[in-house]
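Enquirer: Pasting in a structure now, in structure tokens, and then I'll have a few things to ask.
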Amino acid sequence: FRSTNGGRAWREVDFPLEYAPVLSLVLSPDYAADGVLFAGTESHGLYRSDDRGRTWLRLGAETISDAVNAILLSPEYPAKRDVLAAVSNRLFLSRDGGQSWPEWKVGGALEPGIASILAPEGLAPDALLLVGLIEGGVLRL
């Protein structure tokens with residue numbers, strides 16, 4: 001749903017119902033100007049809208065097909081087009097706005113799965129990453 005009046009009224013966006021439910025959502029830091037948002041689904045991957053949710057583009061279909069539990073963007077997005085996706089029990093980082101998705105930092109699965117991610121120092125290769133696990137606990141990577 002989208003509100004254009006500060007949350008007083010809401011209208012449904014044109015997200016394909018067959019791809020629902022959406023598990024994660026993130027807005028570009030410059031959303032007011034660029035209208036970019038990302039939506040992670042339970043079983044149909046990751047999508048980006050460049051027009052405030054009117055149309056959607058699937059990202060990383062060959063890599064990202066499981067539950068997208070969390071999404072982070074670079075604080076400098078869109079100037080720096082880094083997108084981090086927590087996909088089930090793996091982390092994937094695109095440095096090109098969603099064109100390519102190499103696995104990031106871990107080099108394997110984080111069991112029992114990732115619930116949330118936080119990058120307080122940004123998404124540089126040596127930056128701290130906090131990973132919340134589905135069954136509790138936090139990993140520092």
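Identifiers for the structure tokens are assigned positionally: chains receive A, B, ... in sequence, residues are indexed from 1 per chain, and ligands are indexed from 1 in the order shown.
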Extract the full set of helix (DSSP H, G or I) residues from chain A according to DSSP on the backbone, and format it as JSON, numbers by chain.
Expert: {"A": [17, 18, 19, 31, 32, 33, 34]}
Enquirer: Could you dump the residues just selected with N, CA and C atoms as a CSV table (one decimal), in the first residue's frame?
Expert:
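Output file result-v6.csv follows:
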chain,number,residue,atom,x,y,z
A,17,LEU,N,0.1,-9.9,-7.2
A,17,LEU,CA,-0.4,-10.6,-6.0
A,17,LEU,C,0.2,-12.0,-6.0
A,18,GLU,N,0.5,-12.6,-7.1
A,18,GLU,CA,1.0,-14.0,-7.1
A,18,GLU,C,2.4,-14.1,-6.5
A,19,TYR,N,3.1,-12.9,-6.3
A,19,TYR,CA,4.4,-12.9,-5.7
A,19,TYR,C,4.4,-12.6,-4.2
A,31,TYR,N,14.3,8.6,-1.6
A,31,TYR,CA,13.0,8.2,-2.1
A,31,TYR,C,12.1,9.4,-2.5
A,32,ALA,N,12.1,10.5,-1.8
A,32,ALA,CA,11.3,11.6,-2.2
A,32,ALA,C,11.6,12.1,-3.6
A,33,ALA,N,12.9,12.0,-4.0
A,33,ALA,CA,13.3,12.5,-5.3
A,33,ALA,C,13.3,11.4,-6.3
A,34,ASP,N,13.8,10.1,-6.0
A,34,ASP,CA,14.0,9.1,-7.0
A,34,ASP,C,12.8,8.1,-7.0
Enquirer: Env of stretch 97-100 of chain A: 9 Å cut, atoms = only C-alpha atoms, seq-sep filter 6 positions within chain, self excluded. Answer as a list in words.
Expert: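 So the residues in contact are Arg48, Leu59, Gly60, Thr63, Tyr77, Pro78, Lys80, Arg81, Asp82 and Val83 of chain A.
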Enquirer: Kindly save the residues from that selection, with N, CA and C atoms included, as a CSV table (one decimal), in the first residue's frame.
Expert:
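Final file, again25.csv:
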chain,number,residue,atom,x,y,z
A,48,ARG,N,12.5,-4.5,-7.6
A,48,ARG,CA,12.7,-3.1,-7.4
A,48,ARG,C,11.7,-2.3,-8.3
A,59,LEU,N,14.9,-8.8,-9.7
A,59,LEU,CA,16.3,-8.7,-9.6
A,59,LEU,C,16.9,-10.1,-9.3
A,60,GLY,N,18.0,-10.4,-9.9
A,60,GLY,CA,18.8,-11.6,-9.5
A,60,GLY,C,18.0,-12.9,-9.5
A,63,THR,N,19.9,-16.1,-8.9
A,63,THR,CA,20.5,-16.2,-7.6
A,63,THR,C,19.5,-16.1,-6.4
A,77,TYR,N,22.9,5.6,-1.5
A,77,TYR,CA,22.1,5.2,-2.6
A,77,TYR,C,21.3,6.4,-3.1
A,78,PRO,N,21.2,6.7,-4.4
A,78,PRO,CA,21.6,5.9,-5.6
A,78,PRO,C,23.0,6.2,-6.1
A,80,LYS,N,25.8,5.6,-4.8
A,80,LYS,CA,26.6,4.3,-4.5
A,80,LYS,C,25.5,3.2,-4.5
A,81,ARG,N,25.4,2.4,-5.5
A,81,ARG,CA,24.3,1.5,-5.7
A,81,ARG,C,24.4,0.1,-5.0
A,82,ASP,N,24.9,0.1,-3.8
A,82,ASP,CA,25.1,-1.1,-3.1
A,82,ASP,C,23.7,-1.6,-2.5
A,83,VAL,N,23.4,-2.9,-2.7
A,83,VAL,CA,22.2,-3.5,-2.1
A,83,VAL,C,22.6,-4.8,-1.5
Enquirer: Excluding A:Val22 and any residue of its chain fewer than 3 positions from it, enumerate the residues within 7 Å of it, using only C-alpha atoms, and give them as an MDAnalysis selection string.
Expert: chainID A and resid 39:42
Enquirer: Limited to all heavy atoms, could you put the picked residues into a file as an mmCIF file, in the first residue's frame?
Expert:
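In the end it all went to result_20.cif:
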data_model
loop_
_atom_site.group_PDB
_atom_site.id
_atom_site.type_symbol
_atom_site.label_atom_id
_atom_site.label_comp_id
_atom_site.auth_asym_id
_atom_site.auth_seq_id
_atom_site.Cartn_x
_atom_site.Cartn_y
_atom_site.Cartn_z
ATOM 1 N N ALA A 39 11.426 -4.650 -2.716
ATOM 2 C CA ALA A 39 10.541 -5.546 -1.965
ATOM 3 C C ALA A 39 11.086 -6.962 -2.072
ATOM 4 O O ALA A 39 11.345 -7.461 -3.170
ATOM 5 C CB ALA A 39 9.126 -5.484 -2.521
ATOM 6 N N GLY A 40 11.240 -7.606 -0.918
ATOM 7 C CA GLY A 40 11.676 -9.001 -0.860
ATOM 8 C C GLY A 40 10.488 -9.884 -0.537
ATOM 9 O O GLY A 40 9.737 -9.609 0.397
ATOM 10 N N THR A 41 10.307 -10.952 -1.308
ATOM 11 C CA THR A 41 9.144 -11.812 -1.130
ATOM 12 C C THR A 41 9.510 -13.105 -0.411
ATOM 13 O O THR A 41 10.676 -13.426 -0.235
ATOM 14 C CB THR A 41 8.510 -12.156 -2.483
ATOM 15 O OG1 THR A 41 9.416 -12.974 -3.232
ATOM 16 C CG2 THR A 41 8.156 -10.899 -3.266
ATOM 17 N N GLU A 42 8.483 -13.855 -0.043
ATOM 18 C CA GLU A 42 8.694 -15.106 0.662
ATOM 19 C C GLU A 42 9.240 -16.204 -0.243
ATOM 20 O O GLU A 42 10.093 -16.976 0.168
ATOM 21 C CB GLU A 42 7.381 -15.568 1.289
ATOM 22 C CG GLU A 42 7.515 -16.807 2.132
ATOM 23 C CD GLU A 42 6.221 -17.132 2.832
ATOM 24 O OE1 GLU A 42 5.200 -17.316 2.147
ATOM 25 O OE2 GLU A 42 6.248 -17.184 4.071
#
Enquirer: Pick from A:Gly122, A:Gly45, A:Pro75, A:Gly113: nearest to A:Ala61, with only C-alpha atoms counted?
Expert: A:Gly45
Enquirer: Excluding A:Asn89 and its own-chain neighbours fewer than 6 positions away, which residues fall within 8 Å of it when counting only C-alpha atoms? Please give them as a list in words.
Expert: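 Returned residues: Ala109, Leu110, Glu111, Pro112, Gly113 and Ile114 of chain A.
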Enquirer: Go ahead and save the residues from that selection, with N, CA, C and O atoms, as a PDB file, in the first residue's frame.
Expert:
ATOM      1  N   ALA A 109      26.231 -20.948   4.305  1.00  0.00           N
ATOM      2  CA  ALA A 109      24.935 -20.729   4.933  1.00  0.00           C
ATOM      3  C   ALA A 109      25.077 -20.356   6.407  1.00  0.00           C
ATOM      4  O   ALA A 109      25.974 -20.827   7.089  1.00  0.00           O
ATOM      5  N   LEU A 110      24.190 -19.498   6.867  1.00  0.00           N
ATOM      6  CA  LEU A 110      24.078 -19.148   8.278  1.00  0.00           C
ATOM      7  C   LEU A 110      22.821 -19.849   8.802  1.00  0.00           C
ATOM      8  O   LEU A 110      21.707 -19.468   8.470  1.00  0.00           O
ATOM      9  N   GLU A 111      23.025 -20.879   9.569  1.00  0.00           N
ATOM     10  CA  GLU A 111      21.885 -21.644  10.080  1.00  0.00           C
ATOM     11  C   GLU A 111      21.484 -21.113  11.442  1.00  0.00           C
ATOM     12  O   GLU A 111      22.343 -20.687  12.208  1.00  0.00           O
ATOM     13  N   PRO A 112      20.222 -21.103  11.786  1.00  0.00           N
ATOM     14  CA  PRO A 112      19.056 -21.651  11.102  1.00  0.00           C
ATOM     15  C   PRO A 112      18.439 -20.706  10.084  1.00  0.00           C
ATOM     16  O   PRO A 112      17.428 -21.016   9.476  1.00  0.00           O
ATOM     17  N   GLY A 113      18.995 -19.557   9.884  1.00  0.00           N
ATOM     18  CA  GLY A 113      18.483 -18.601   8.910  1.00  0.00           C
ATOM     19  C   GLY A 113      18.598 -17.183   9.435  1.00  0.00           C
ATOM     20  O   GLY A 113      18.745 -16.945  10.633  1.00  0.00           O
ATOM     21  N   ILE A 114      18.534 -16.225   8.516  1.00  0.00           N
ATOM     22  CA  ILE A 114      18.722 -14.812   8.844  1.00  0.00           C
ATOM     23  C   ILE A 114      17.361 -14.137   8.990  1.00  0.00           C
ATOM     24  O   ILE A 114      16.514 -14.241   8.104  1.00  0.00           O
TER      25      ILE A 114
END
Enquirer: Would you kindly return, as an NGL selection string, each protein, DNA or RNA residue with an atom no farther than 8 Å from any atom of A:Gly35, considering only C-alpha atoms and excluding same-chain residues fewer than 5 positions away?
Expert: :A and (27-28 or 30 or 49-52)
Enquirer: Write out as an NGL selection string the residues lying within 10 Å of A:Leu139, counting only C-alpha atoms and excluding same-chain residues fewer than 5 positions away.
Expert: :A and (110 or 114 or 117 or 129-133)
Enquirer: Just the selected residues (all heavy atoms), exported as an mmCIF file, in the first residue's frame, please.
Expert:
data_model
loop_
_atom_site.group_PDB
_atom_site.id
_atom_site.type_symbol
_atom_site.label_atom_id
_atom_site.label_comp_id
_atom_site.auth_asym_id
_atom_site.auth_seq_id
_atom_site.Cartn_x
_atom_site.Cartn_y
_atom_site.Cartn_z
ATOM 1 N N LEU A 110 24.190 -19.498 6.867
ATOM 2 C CA LEU A 110 24.078 -19.148 8.278
ATOM 3 C C LEU A 110 22.821 -19.849 8.802
ATOM 4 O O LEU A 110 21.707 -19.468 8.470
ATOM 5 C CB LEU A 110 23.945 -17.639 8.457
ATOM 6 C CG LEU A 110 25.181 -16.827 8.128
ATOM 7 C CD1 LEU A 110 24.855 -15.343 8.134
ATOM 8 C CD2 LEU A 110 26.276 -17.120 9.130
ATOM 9 N N ILE A 114 18.534 -16.225 8.516
ATOM 10 C CA ILE A 114 18.722 -14.812 8.844
ATOM 11 C C ILE A 114 17.361 -14.137 8.990
ATOM 12 O O ILE A 114 16.514 -14.241 8.104
ATOM 13 C CB ILE A 114 19.545 -14.115 7.744
ATOM 14 C CG1 ILE A 114 20.907 -14.797 7.600
ATOM 15 C CG2 ILE A 114 19.695 -12.635 8.043
ATOM 16 C CD1 ILE A 114 21.673 -14.384 6.363
ATOM 17 N N ILE A 117 19.334 -7.795 9.349
ATOM 18 C CA ILE A 117 20.719 -7.381 9.148
ATOM 19 C C ILE A 117 20.843 -5.888 9.446
ATOM 20 O O ILE A 117 19.910 -5.123 9.243
ATOM 21 C CB ILE A 117 21.231 -7.683 7.720
ATOM 22 C CG1 ILE A 117 20.236 -7.206 6.664
ATOM 23 C CG2 ILE A 117 21.548 -9.148 7.552
ATOM 24 C CD1 ILE A 117 20.666 -7.412 5.225
ATOM 25 N N LEU A 129 29.102 -6.029 10.223
ATOM 26 C CA LEU A 129 27.746 -6.408 9.858
ATOM 27 C C LEU A 129 27.165 -7.201 11.016
ATOM 28 O O LEU A 129 27.791 -8.143 11.512
ATOM 29 C CB LEU A 129 27.740 -7.263 8.583
ATOM 30 C CG LEU A 129 26.363 -7.669 8.086
ATOM 31 C CD1 LEU A 129 25.601 -6.461 7.565
ATOM 32 C CD2 LEU A 129 26.477 -8.720 6.997
ATOM 33 N N LEU A 130 25.982 -6.814 11.473
ATOM 34 C CA LEU A 130 25.280 -7.530 12.523
ATOM 35 C C LEU A 130 24.147 -8.322 11.878
ATOM 36 O O LEU A 130 23.342 -7.761 11.131
ATOM 37 C CB LEU A 130 24.717 -6.564 13.562
ATOM 38 C CG LEU A 130 25.761 -5.694 14.263
ATOM 39 C CD1 LEU A 130 25.083 -4.641 15.129
ATOM 40 C CD2 LEU A 130 26.712 -6.547 15.085
ATOM 41 N N VAL A 131 24.110 -9.630 12.171
ATOM 42 C CA VAL A 131 23.121 -10.520 11.563
ATOM 43 C C VAL A 131 22.267 -11.133 12.664
ATOM 44 O O VAL A 131 22.788 -11.872 13.515
ATOM 45 C CB VAL A 131 23.826 -11.632 10.747
ATOM 46 C CG1 VAL A 131 22.806 -12.580 10.135
ATOM 47 C CG2 VAL A 131 24.704 -11.028 9.666
ATOM 48 N N GLY A 132 20.976 -10.827 12.652
ATOM 49 C CA GLY A 132 20.044 -11.428 13.589
ATOM 50 C C GLY A 132 19.575 -12.772 13.049
ATOM 51 O O GLY A 132 19.183 -12.867 11.896
ATOM 52 N N LEU A 133 19.644 -13.799 13.870
ATOM 53 C CA LEU A 133 19.275 -15.154 13.442
ATOM 54 C C LEU A 133 17.820 -15.454 13.796
ATOM 55 O O LEU A 133 17.286 -14.947 14.801
ATOM 56 C CB LEU A 133 20.207 -16.183 14.067
ATOM 57 C CG LEU A 133 21.680 -16.004 13.722
ATOM 58 C CD1 LEU A 133 22.534 -17.013 14.480
ATOM 59 C CD2 LEU A 133 21.898 -16.122 12.224
#
Enquirer: Identify, with DSSP run on backbone atoms, the residues in stretch 56-127 of chain A assigned to strand (DSSP E or B), and express the list as number ranges by chain.
Expert: A: 57-59, 68-73, 83-87, 90-94, 103, 114-118
Enquirer: Counting only C-alpha atoms, which residue out of A:Ser24, A:Arg95, A:Glu76, A:Pro16 sits closest to A:Arg58?
Expert: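 For A:Arg58, the nearest of the candidates is A:Pro16.
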Enquirer: Hey, can you check how far atom CA of A:Glu103 sits from atom CA of A:Ala86?
Expert: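 Computing the Euclidean distance for atom CA of A:Glu103 and atom CA of A:Ala86 yields 10.0 Å.
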Enquirer: Please list as a PDB file with C-alpha atoms, in the first residue's frame every residue within 9 Å of A:Pro102, counting only C-alpha atoms and excluding residues in the same chain fewer than 4 positions away.
Expert:
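New file selection-v5.pdb:
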ATOM      1  CA  THR A  63      20.538 -16.227  -7.562  1.00  0.00           C
ATOM      2  CA  LEU A  91      23.898 -12.864   2.204  1.00  0.00           C
ATOM      3  CA  PHE A  92      24.181 -11.458  -1.322  1.00  0.00           C
ATOM      4  CA  LEU A  93      25.619  -8.040  -2.170  1.00  0.00           C
ATOM      5  CA  SER A  94      25.055  -6.197  -5.419  1.00  0.00           C
TER       6      SER A  94
END
Enquirer: Would you mind telling me which residue in A:Ile134, A:Leu25, A:Leu46, A:Ala9 lies nearest to A:Ser65 when using only C-alpha atoms?
Expert: A:Leu46
